Structures are given as structure tokens and as C-alpha cells.
file coords_37.cif (mmCIF, N, CA and C atoms)
data_input
#
loop_
_atom_site.label_atom_id
_atom_site.label_comp_id
_atom_site.auth_asym_id
_atom_site.auth_seq_id
_atom_site.Cartn_x
_atom_site.Cartn_y
_atom_site.Cartn_z
N MET I 13 26.75 78.64 70.23
CA MET I 13 28.11 79.04 69.88
C MET I 13 28.06 79.74 68.54
N ASN I 14 27.20 80.69 68.42
CA ASN I 14 27.07 81.43 67.18
C ASN I 14 27.38 82.89 67.41
N HIS I 15 27.72 83.57 66.36
CA HIS I 15 27.99 85.00 66.39
C HIS I 15 29.08 85.35 67.39
N ILE I 16 30.28 84.93 67.07
CA ILE I 16 31.45 85.23 67.88
C ILE I 16 31.67 86.74 67.83
N PRO I 17 31.79 87.39 69.00
CA PRO I 17 31.94 88.85 68.99
C PRO I 17 33.26 89.29 68.38
N LYS I 18 33.20 90.37 67.62
CA LYS I 18 34.40 90.96 67.01
C LYS I 18 34.28 92.47 67.06
N GLU I 19 35.41 93.12 67.22
CA GLU I 19 35.45 94.58 67.13
C GLU I 19 35.49 94.94 65.65
N ILE I 20 34.54 95.76 65.23
CA ILE I 20 34.53 96.17 63.82
C ILE I 20 34.44 97.68 63.74
N GLY I 21 34.99 98.22 62.69
CA GLY I 21 34.86 99.64 62.43
C GLY I 21 33.55 99.91 61.72
N HIS I 22 33.22 101.14 61.57
CA HIS I 22 31.98 101.51 60.89
C HIS I 22 32.32 102.32 59.65
N GLU I 23 33.02 101.66 58.72
CA GLU I 23 33.41 102.32 57.50
C GLU I 23 32.19 102.49 56.59
N LYS I 24 31.99 103.71 56.09
CA LYS I 24 30.83 103.99 55.25
C LYS I 24 30.89 103.33 53.88
N HIS I 25 32.07 103.20 53.32
CA HIS I 25 32.17 102.77 51.93
C HIS I 25 32.65 101.33 51.79
N ARG I 26 32.32 100.50 52.75
CA ARG I 26 32.71 99.09 52.67
C ARG I 26 31.57 98.34 51.98
N ASP I 27 31.92 97.46 51.05
CA ASP I 27 30.88 96.70 50.35
C ASP I 27 30.29 95.64 51.27
N TRP I 28 29.17 95.08 50.85
CA TRP I 28 28.41 94.16 51.69
C TRP I 28 29.23 92.93 52.07
N ALA I 29 29.87 92.30 51.11
CA ALA I 29 30.64 91.08 51.40
C ALA I 29 31.78 91.36 52.36
N SER I 30 32.49 92.46 52.16
CA SER I 30 33.59 92.82 53.08
C SER I 30 33.07 93.08 54.47
N SER I 31 31.90 93.70 54.57
CA SER I 31 31.29 93.95 55.88
C SER I 31 30.97 92.65 56.59
N GLN I 32 30.47 91.67 55.86
CA GLN I 32 30.15 90.37 56.46
C GLN I 32 31.42 89.68 56.96
N LEU I 33 32.48 89.77 56.18
CA LEU I 33 33.75 89.14 56.59
C LEU I 33 34.36 89.85 57.79
N ALA I 34 34.21 91.17 57.86
CA ALA I 34 34.76 91.92 58.99
C ALA I 34 33.97 91.68 60.27
N ALA I 35 32.70 91.35 60.13
CA ALA I 35 31.83 91.24 61.30
C ALA I 35 31.77 89.85 61.91
N THR I 36 32.37 88.86 61.28
CA THR I 36 32.22 87.51 61.78
C THR I 36 33.47 86.68 61.53
N CYS I 37 33.48 85.51 62.11
CA CYS I 37 34.58 84.56 61.90
C CYS I 37 34.03 83.16 62.09
N ASN I 38 34.78 82.20 61.65
CA ASN I 38 34.40 80.79 61.80
C ASN I 38 35.06 80.21 63.04
N VAL I 39 34.54 79.07 63.46
CA VAL I 39 35.15 78.26 64.51
C VAL I 39 35.69 77.01 63.82
N GLU I 40 36.90 76.60 64.20
CA GLU I 40 37.52 75.44 63.56
C GLU I 40 36.54 74.27 63.48
N SER I 41 36.54 73.64 62.33
CA SER I 41 35.61 72.55 62.08
C SER I 41 36.15 71.22 62.59
N SER I 42 35.25 70.42 63.13
CA SER I 42 35.51 69.02 63.48
C SER I 42 34.14 68.35 63.47
N PRO I 43 34.07 67.04 63.38
CA PRO I 43 32.75 66.40 63.41
C PRO I 43 31.92 66.80 64.64
N PHE I 44 32.57 66.88 65.80
CA PHE I 44 31.84 67.26 67.01
C PHE I 44 31.37 68.71 66.94
N ILE I 45 32.26 69.64 66.58
CA ILE I 45 31.90 71.07 66.54
C ILE I 45 30.84 71.30 65.48
N ASP I 46 30.96 70.65 64.33
CA ASP I 46 29.93 70.79 63.29
C ASP I 46 28.57 70.35 63.84
N TRP I 47 28.52 69.21 64.52
CA TRP I 47 27.27 68.73 65.10
C TRP I 47 26.80 69.64 66.22
N PHE I 48 27.70 69.97 67.14
CA PHE I 48 27.37 70.76 68.33
C PHE I 48 26.79 72.12 67.94
N SER I 49 27.33 72.74 66.91
CA SER I 49 26.87 74.08 66.50
C SER I 49 25.83 74.02 65.39
N GLY I 50 25.47 72.84 64.95
CA GLY I 50 24.52 72.73 63.85
C GLY I 50 25.08 73.31 62.56
N HIS I 51 26.38 73.18 62.38
CA HIS I 51 27.12 73.70 61.22
C HIS I 51 27.19 75.22 61.20
N LEU I 52 26.77 75.87 62.27
CA LEU I 52 26.87 77.33 62.32
C LEU I 52 28.24 77.80 62.81
N ASN I 53 29.17 76.87 62.95
CA ASN I 53 30.56 77.26 63.18
C ASN I 53 31.13 77.87 61.89
N PHE I 54 30.42 77.71 60.79
CA PHE I 54 30.77 78.34 59.52
C PHE I 54 30.00 79.66 59.41
N GLN I 55 30.29 80.58 60.31
CA GLN I 55 29.57 81.85 60.35
C GLN I 55 29.81 82.71 59.12
N ILE I 56 31.02 82.68 58.58
CA ILE I 56 31.31 83.47 57.39
C ILE I 56 30.40 83.03 56.25
N GLU I 57 30.35 81.73 55.99
CA GLU I 57 29.50 81.21 54.93
C GLU I 57 28.03 81.47 55.23
N HIS I 58 27.65 81.36 56.49
CA HIS I 58 26.26 81.62 56.89
C HIS I 58 25.87 83.08 56.60
N HIS I 59 26.78 84.01 56.87
CA HIS I 59 26.47 85.42 56.63
C HIS I 59 26.47 85.75 55.13
N LEU I 60 27.33 85.10 54.37
CA LEU I 60 27.37 85.35 52.93
C LEU I 60 26.23 84.66 52.18
N PHE I 61 25.84 83.49 52.67
CA PHE I 61 24.79 82.70 52.01
C PHE I 61 23.75 82.27 53.03
N PRO I 62 22.96 83.21 53.56
CA PRO I 62 22.06 82.88 54.67
C PRO I 62 20.95 81.89 54.34
N THR I 63 20.59 81.73 53.08
CA THR I 63 19.52 80.79 52.74
C THR I 63 20.03 79.41 52.36
N MET I 64 21.34 79.25 52.28
CA MET I 64 21.92 77.94 51.94
C MET I 64 21.72 76.98 53.11
N PRO I 65 21.34 75.73 52.85
CA PRO I 65 21.23 74.75 53.94
C PRO I 65 22.57 74.62 54.67
N ARG I 66 22.51 74.63 56.00
CA ARG I 66 23.72 74.66 56.82
C ARG I 66 24.67 73.50 56.58
N HIS I 67 24.14 72.33 56.25
CA HIS I 67 25.01 71.17 56.06
C HIS I 67 25.89 71.30 54.82
N ASN I 68 25.68 72.33 54.00
CA ASN I 68 26.52 72.55 52.81
C ASN I 68 27.63 73.56 53.04
N TYR I 69 27.65 74.23 54.19
CA TYR I 69 28.66 75.27 54.42
C TYR I 69 30.09 74.73 54.30
N HIS I 70 30.32 73.52 54.79
CA HIS I 70 31.68 72.97 54.72
C HIS I 70 32.13 72.76 53.28
N ARG I 71 31.18 72.59 52.37
CA ARG I 71 31.53 72.38 50.96
C ARG I 71 31.98 73.68 50.28
N ILE I 72 31.39 74.80 50.67
CA ILE I 72 31.75 76.07 50.02
C ILE I 72 32.85 76.82 50.76
N ALA I 73 33.17 76.40 52.00
CA ALA I 73 34.19 77.09 52.79
C ALA I 73 35.52 77.21 52.04
N PRO I 74 36.05 76.15 51.40
CA PRO I 74 37.32 76.31 50.68
C PRO I 74 37.22 77.32 49.53
N LEU I 75 36.07 77.39 48.88
CA LEU I 75 35.87 78.34 47.78
C LEU I 75 35.85 79.77 48.30
N VAL I 76 35.16 79.99 49.42
CA VAL I 76 35.09 81.31 50.03
C VAL I 76 36.48 81.73 50.51
N LYS I 77 37.19 80.81 51.13
CA LYS I 77 38.53 81.11 51.63
C LYS I 77 39.47 81.48 50.47
N ALA I 78 39.40 80.76 49.36
CA ALA I 78 40.23 81.07 48.19
C ALA I 78 39.86 82.43 47.60
N LEU I 79 38.58 82.75 47.55
CA LEU I 79 38.13 84.04 47.04
C LEU I 79 38.63 85.17 47.93
N CYS I 80 38.59 84.96 49.24
CA CYS I 80 39.10 85.96 50.18
C CYS I 80 40.60 86.18 49.96
N ALA I 81 41.35 85.09 49.80
CA ALA I 81 42.79 85.21 49.58
C ALA I 81 43.07 85.95 48.28
N LYS I 82 42.30 85.67 47.26
CA LYS I 82 42.49 86.32 45.95
C LYS I 82 42.29 87.82 46.04
N HIS I 83 41.35 88.26 46.89
CA HIS I 83 41.02 89.68 46.99
C HIS I 83 41.61 90.36 48.22
N GLY I 84 42.48 89.65 48.94
CA GLY I 84 43.14 90.24 50.10
C GLY I 84 42.21 90.50 51.28
N LEU I 85 41.17 89.69 51.42
CA LEU I 85 40.22 89.83 52.54
C LEU I 85 40.56 88.81 53.62
N THR I 86 40.33 89.20 54.86
CA THR I 86 40.63 88.32 55.99
C THR I 86 39.55 87.27 56.14
N TYR I 87 39.95 86.02 56.22
CA TYR I 87 39.06 84.88 56.47
C TYR I 87 39.50 84.30 57.80
N GLU I 88 38.85 84.71 58.87
CA GLU I 88 39.31 84.36 60.22
C GLU I 88 38.63 83.10 60.74
N VAL I 89 39.45 82.20 61.26
CA VAL I 89 38.97 80.97 61.88
C VAL I 89 39.60 80.88 63.26
N LYS I 90 38.77 80.69 64.28
CA LYS I 90 39.26 80.60 65.65
C LYS I 90 39.10 79.19 66.19
N PRO I 91 40.01 78.78 67.08
CA PRO I 91 39.80 77.51 67.80
C PRO I 91 38.55 77.62 68.68
N PHE I 92 37.94 76.49 68.96
CA PHE I 92 36.70 76.45 69.74
C PHE I 92 36.85 77.15 71.09
N LEU I 93 37.91 76.83 71.83
CA LEU I 93 38.07 77.42 73.16
C LEU I 93 38.29 78.94 73.09
N THR I 94 39.01 79.41 72.10
CA THR I 94 39.19 80.86 71.93
C THR I 94 37.85 81.53 71.67
N ALA I 95 37.05 80.93 70.79
CA ALA I 95 35.72 81.48 70.50
C ALA I 95 34.85 81.48 71.75
N LEU I 96 34.91 80.42 72.52
CA LEU I 96 34.12 80.33 73.75
C LEU I 96 34.52 81.42 74.74
N VAL I 97 35.82 81.64 74.90
CA VAL I 97 36.31 82.70 75.79
C VAL I 97 35.84 84.06 75.30
N ASP I 98 35.88 84.29 73.98
CA ASP I 98 35.41 85.56 73.43
C ASP I 98 33.93 85.79 73.72
N ILE I 99 33.13 84.75 73.62
CA ILE I 99 31.69 84.87 73.89
C ILE I 99 31.46 85.20 75.36
N VAL I 100 32.12 84.48 76.25
CA VAL I 100 31.95 84.74 77.69
C VAL I 100 32.41 86.15 78.04
N ARG I 101 33.53 86.60 77.48
CA ARG I 101 34.03 87.95 77.72
C ARG I 101 33.02 89.00 77.24
N SER I 102 32.45 88.78 76.07
CA SER I 102 31.47 89.71 75.53
C SER I 102 30.21 89.77 76.40
N LEU I 103 29.73 88.62 76.84
CA LEU I 103 28.56 88.59 77.71
C LEU I 103 28.84 89.29 79.04
N LYS I 104 30.06 89.11 79.56
CA LYS I 104 30.44 89.76 80.81
C LYS I 104 30.45 91.28 80.63
N GLU I 105 30.98 91.77 79.50
CA GLU I 105 31.02 93.21 79.24
C GLU I 105 29.61 93.79 79.14
N VAL I 106 28.71 93.08 78.47
CA VAL I 106 27.32 93.55 78.36
C VAL I 106 26.67 93.56 79.74
N TRP I 107 26.90 92.51 80.53
CA TRP I 107 26.32 92.44 81.87
C TRP I 107 26.85 93.57 82.74
N GLN I 108 28.14 93.87 82.67
CA GLN I 108 28.71 94.95 83.46
C GLN I 108 28.15 96.30 83.03
N CYS I 109 27.97 96.49 81.73
CA CYS I 109 27.38 97.73 81.23
C CYS I 109 25.95 97.87 81.76
N LEU I 110 25.21 96.80 81.75
CA LEU I 110 23.85 96.81 82.28
C LEU I 110 23.86 97.12 83.77
N ALA I 111 24.76 96.50 84.52
CA ALA I 111 24.84 96.72 85.96
C ALA I 111 25.19 98.16 86.28
N GLU I 112 26.09 98.76 85.50
CA GLU I 112 26.49 100.15 85.73
C GLU I 112 25.37 101.14 85.39
N SER I 113 24.45 100.73 84.53
CA SER I 113 23.39 101.64 84.13
C SER I 113 22.21 101.64 85.11
N LEU I 114 22.18 100.67 86.03
CA LEU I 114 21.09 100.63 87.01
C LEU I 114 21.31 101.70 88.07
N PRO I 115 20.22 102.27 88.58
CA PRO I 115 20.38 103.26 89.66
C PRO I 115 20.94 102.60 90.91
N PRO I 116 21.73 103.33 91.71
CA PRO I 116 22.30 102.76 92.94
C PRO I 116 21.20 102.28 93.87
N GLY I 117 21.42 101.08 94.43
CA GLY I 117 20.50 100.54 95.43
C GLY I 117 19.20 100.05 94.86
N SER I 118 19.11 99.89 93.53
CA SER I 118 17.84 99.41 92.97
C SER I 118 17.60 97.98 93.46
N GLU I 119 16.39 97.69 93.82
CA GLU I 119 16.01 96.39 94.32
C GLU I 119 14.79 95.88 93.56
N GLY I 120 14.77 94.57 93.30
CA GLY I 120 13.59 93.97 92.69
C GLY I 120 13.41 94.40 91.25
N GLY I 121 12.18 94.28 90.77
CA GLY I 121 11.87 94.66 89.40
C GLY I 121 12.46 93.66 88.41
N THR I 122 12.37 94.01 87.15
CA THR I 122 12.89 93.11 86.13
C THR I 122 14.27 93.52 85.66
N GLN I 123 14.86 94.56 86.25
CA GLN I 123 16.17 95.01 85.80
C GLN I 123 17.31 94.43 86.63
N GLY I 124 17.03 93.63 87.62
CA GLY I 124 18.09 93.06 88.44
C GLY I 124 18.23 93.84 89.74
N SER I 125 18.98 93.32 90.67
CA SER I 125 19.17 93.99 91.94
C SER I 125 20.49 93.55 92.54
N THR I 126 20.93 94.24 93.57
CA THR I 126 22.16 93.87 94.24
C THR I 126 21.82 93.22 95.57
N THR I 127 22.70 92.35 96.01
CA THR I 127 22.51 91.75 97.32
C THR I 127 23.15 92.66 98.36
N ALA I 128 22.54 92.77 99.50
CA ALA I 128 23.06 93.66 100.54
C ALA I 128 24.43 93.21 101.03
N SER I 129 24.66 91.91 101.11
CA SER I 129 25.91 91.43 101.69
C SER I 129 27.09 91.54 100.73
N SER I 130 26.88 91.25 99.46
CA SER I 130 28.02 91.20 98.54
C SER I 130 28.11 92.41 97.64
N GLY I 131 27.00 93.12 97.43
CA GLY I 131 27.01 94.23 96.51
C GLY I 131 27.09 93.78 95.06
N ARG I 132 26.98 92.47 94.82
CA ARG I 132 27.06 91.94 93.46
C ARG I 132 25.67 91.92 92.83
N LEU I 133 25.65 92.08 91.54
CA LEU I 133 24.39 92.12 90.82
C LEU I 133 23.83 90.72 90.69
N ARG I 134 22.55 90.57 91.01
CA ARG I 134 21.86 89.30 90.81
C ARG I 134 21.18 89.36 89.45
N PRO I 135 21.03 88.21 88.78
CA PRO I 135 20.31 88.21 87.52
C PRO I 135 18.86 88.60 87.73
N PRO I 136 18.23 89.20 86.74
CA PRO I 136 16.84 89.58 86.88
C PRO I 136 15.95 88.35 86.93
N PRO I 137 14.77 88.46 87.56
CA PRO I 137 13.85 87.34 87.56
C PRO I 137 13.29 87.13 86.16
N PRO I 138 12.75 85.93 85.88
CA PRO I 138 12.19 85.68 84.55
C PRO I 138 11.09 86.70 84.24
N GLY I 139 10.98 87.05 83.02
CA GLY I 139 9.97 88.01 82.58
C GLY I 139 10.45 88.75 81.37
N PRO I 140 9.71 89.74 80.93
CA PRO I 140 10.12 90.47 79.73
C PRO I 140 11.41 91.23 79.98
N ALA I 141 12.26 91.23 78.96
CA ALA I 141 13.54 91.94 79.08
C ALA I 141 13.32 93.44 78.98
N ILE I 142 13.98 94.17 79.83
CA ILE I 142 13.92 95.63 79.78
C ILE I 142 15.35 96.12 79.65
N PHE I 143 15.63 96.88 78.61
CA PHE I 143 16.96 97.38 78.37
C PHE I 143 17.02 98.85 78.75
N PRO I 144 18.01 99.22 79.57
CA PRO I 144 18.16 100.63 79.92
C PRO I 144 18.41 101.46 78.67
N SER I 145 17.93 102.67 78.67
CA SER I 145 18.08 103.53 77.50
C SER I 145 19.54 103.79 77.17
N THR I 146 20.45 103.64 78.16
CA THR I 146 21.87 103.88 77.89
C THR I 146 22.46 102.82 76.97
N LEU I 147 21.80 101.65 76.84
CA LEU I 147 22.32 100.60 75.97
C LEU I 147 21.75 100.70 74.56
N LEU I 148 20.72 101.50 74.38
CA LEU I 148 20.10 101.62 73.06
C LEU I 148 20.85 102.63 72.23
N PRO I 149 20.92 102.40 70.91
CA PRO I 149 21.61 103.38 70.06
C PRO I 149 20.84 104.70 70.03
N PRO I 150 21.56 105.82 69.81
CA PRO I 150 20.88 107.11 69.79
C PRO I 150 19.95 107.24 68.60
#

call {"tool": "encode", "arguments": {"input": "coords_37.cif", "output": "C-alpha cells"}}
result
Amino acid sequence: MNHIPKEIGHEKHRDWASSQLAATCNVESSPFIDWFSGHLNFQIEHHLFPTMPRHNYHRIAPLVKALCAKHGLTYEVKPFLTALVDIVRSLKEVWQCLAESLPPGSEGGTQGSTTASSGRLRPPPPGPAIFPSTLLPP
């Protein structure tokens, strides 16, 4: 449950800290969520302080939030279920993009295949990942 997907712009003149805040968000903290995510539900703090031990993120979160408020920066926190839905939606979009990039009627191989009866894409067999060139940046 790490790296909740977010739509971000590609502003050239954004400073590093603002870029980290725009690219990530936290998941609401609770004893279970903290344990379940290994304290990586504090993604904002993780991106700002990547070498800090994870169990300390909850201690600096109020300080980071106050600093964001002082400078008018967004400090986004999502409920667990909202974050989970966002992750599943993002994975589905990537999978659909991958499926659309495969040649029609492709069978076998490591890129996945369609079933004759349903026309639905089957997951690729285990092995090295191969990414279609259409998914790679120019």
C-alpha cells in the first residue's frame, strides 16, 4: 500500500520539496494501518526524509503538516479505502494500456494473450517482464 497514484503536472520551476508533496499523499494513520504498511502510510514524510527510520514518521508528520500550512502547500491524507481504490484503478489503467499495445490475436509469449472464448487478456506467465515500447518514455 505504498505510492498512491496521483495526477501531477510537470512544472519546470517547482522546487524539490513542492514536487515531493505534489507527487504523493499519506494514508490515514491507525495502529493497524501503521503496522500493515510498515509506517509507509506516511509517504509524504518518506519522500521528504527517505533515510529517516520509518517508525519516526508519525513524530515528524505534525511538523511537516504545519510547515505545509505555513507555506500554502497541500498536505494530502486519504482514507485507507480511498487509497486502495486509487491503487486498483491505477493498476487497471496500466493493464489496459498494456493490453491495447499488444498486437491483435497475440498468443503465448511473456506479453500475455487473449482467450478465444472471452477475448479477455490473460496475465502473462511467470518470467522476465517485457514492456511494450509504447509504454516507455520517448

call {"tool": "resolve_selection", "arguments": {"input": "coords_37.cif", "expression": "the PyMOL selection byres ((chain I and resi 69-85) around 7)", "output": "list in words"}}
result
His51, Phe54, Glu57, His58, Met64, Pro65, Arg66, His67, Asn68, Thr86, Tyr87 and Glu88 of chain I

call {"tool": "resolve_selection", "arguments": {"input": "coords_37.cif", "expression": "the PyMOL selection byres (((chain I and resi 41 and name CA) around 9) and name CA)", "output": "list in words"}}
result
Asn38, Val39, Glu40, Ser42, Pro43, Phe44, Ile45, Asp46, His51, Asn53, Phe54, His70, Pro91 and Phe92 of chain I

call {"tool": "closest_atom_pairs", "arguments": {"input": "coords_37.cif", "of": "stretch 36-100 of chain I", "to": "stretch 105-116 of chain I", "cutoff": "12 Å", "atoms": "only C-alpha atoms", "output": "tab-separated table"}}
result
residue	atom	partner	partner_atom	distance
I:Asp98	CA	I:Glu105	CA	10.6
I:Ile99	CA	I:Glu105	CA	9.9
I:Val100	CA	I:Glu105	CA	8.7

call {"tool": "atom_distance", "arguments": {"input": "coords_37.cif", "atom1": "atom CA of I:Trp28", "atom2": "atom C of I:Leu103"}}
result
27.8 Å

call {"tool": "atom_distance", "arguments": {"input": "coords_37.cif", "atom1": "atom N of I:Val89", "atom2": "atom N of I:Ala35"}}
result
11.4 Å

call {"tool": "atom_distance", "arguments": {"input": "coords_37.cif", "atom1": "atom N of I:Leu60", "atom2": "atom CA of I:Asp27"}}
result
12.8 Å

call {"tool": "select_by_dssp", "arguments": {"input": "coords_37.cif", "residues": "stretch 28-121 of chain I", "states": "alpha helix (DSSP H)", "output": "JSON, numbers by chain"}}
result
{"I": [28, 29, 30, 31, 32, 33, 34, 35, 43, 44, 45, 46, 47, 48, 55, 56, 57, 58, 59, 60, 69, 70, 71, 72, 73, 74, 75, 76, 77, 78, 79, 80, 81, 82, 92, 93, 94, 95, 96, 97, 98, 99, 100, 101, 102, 103, 104, 105, 106, 107, 108, 109, 110, 111, 112, 113]}
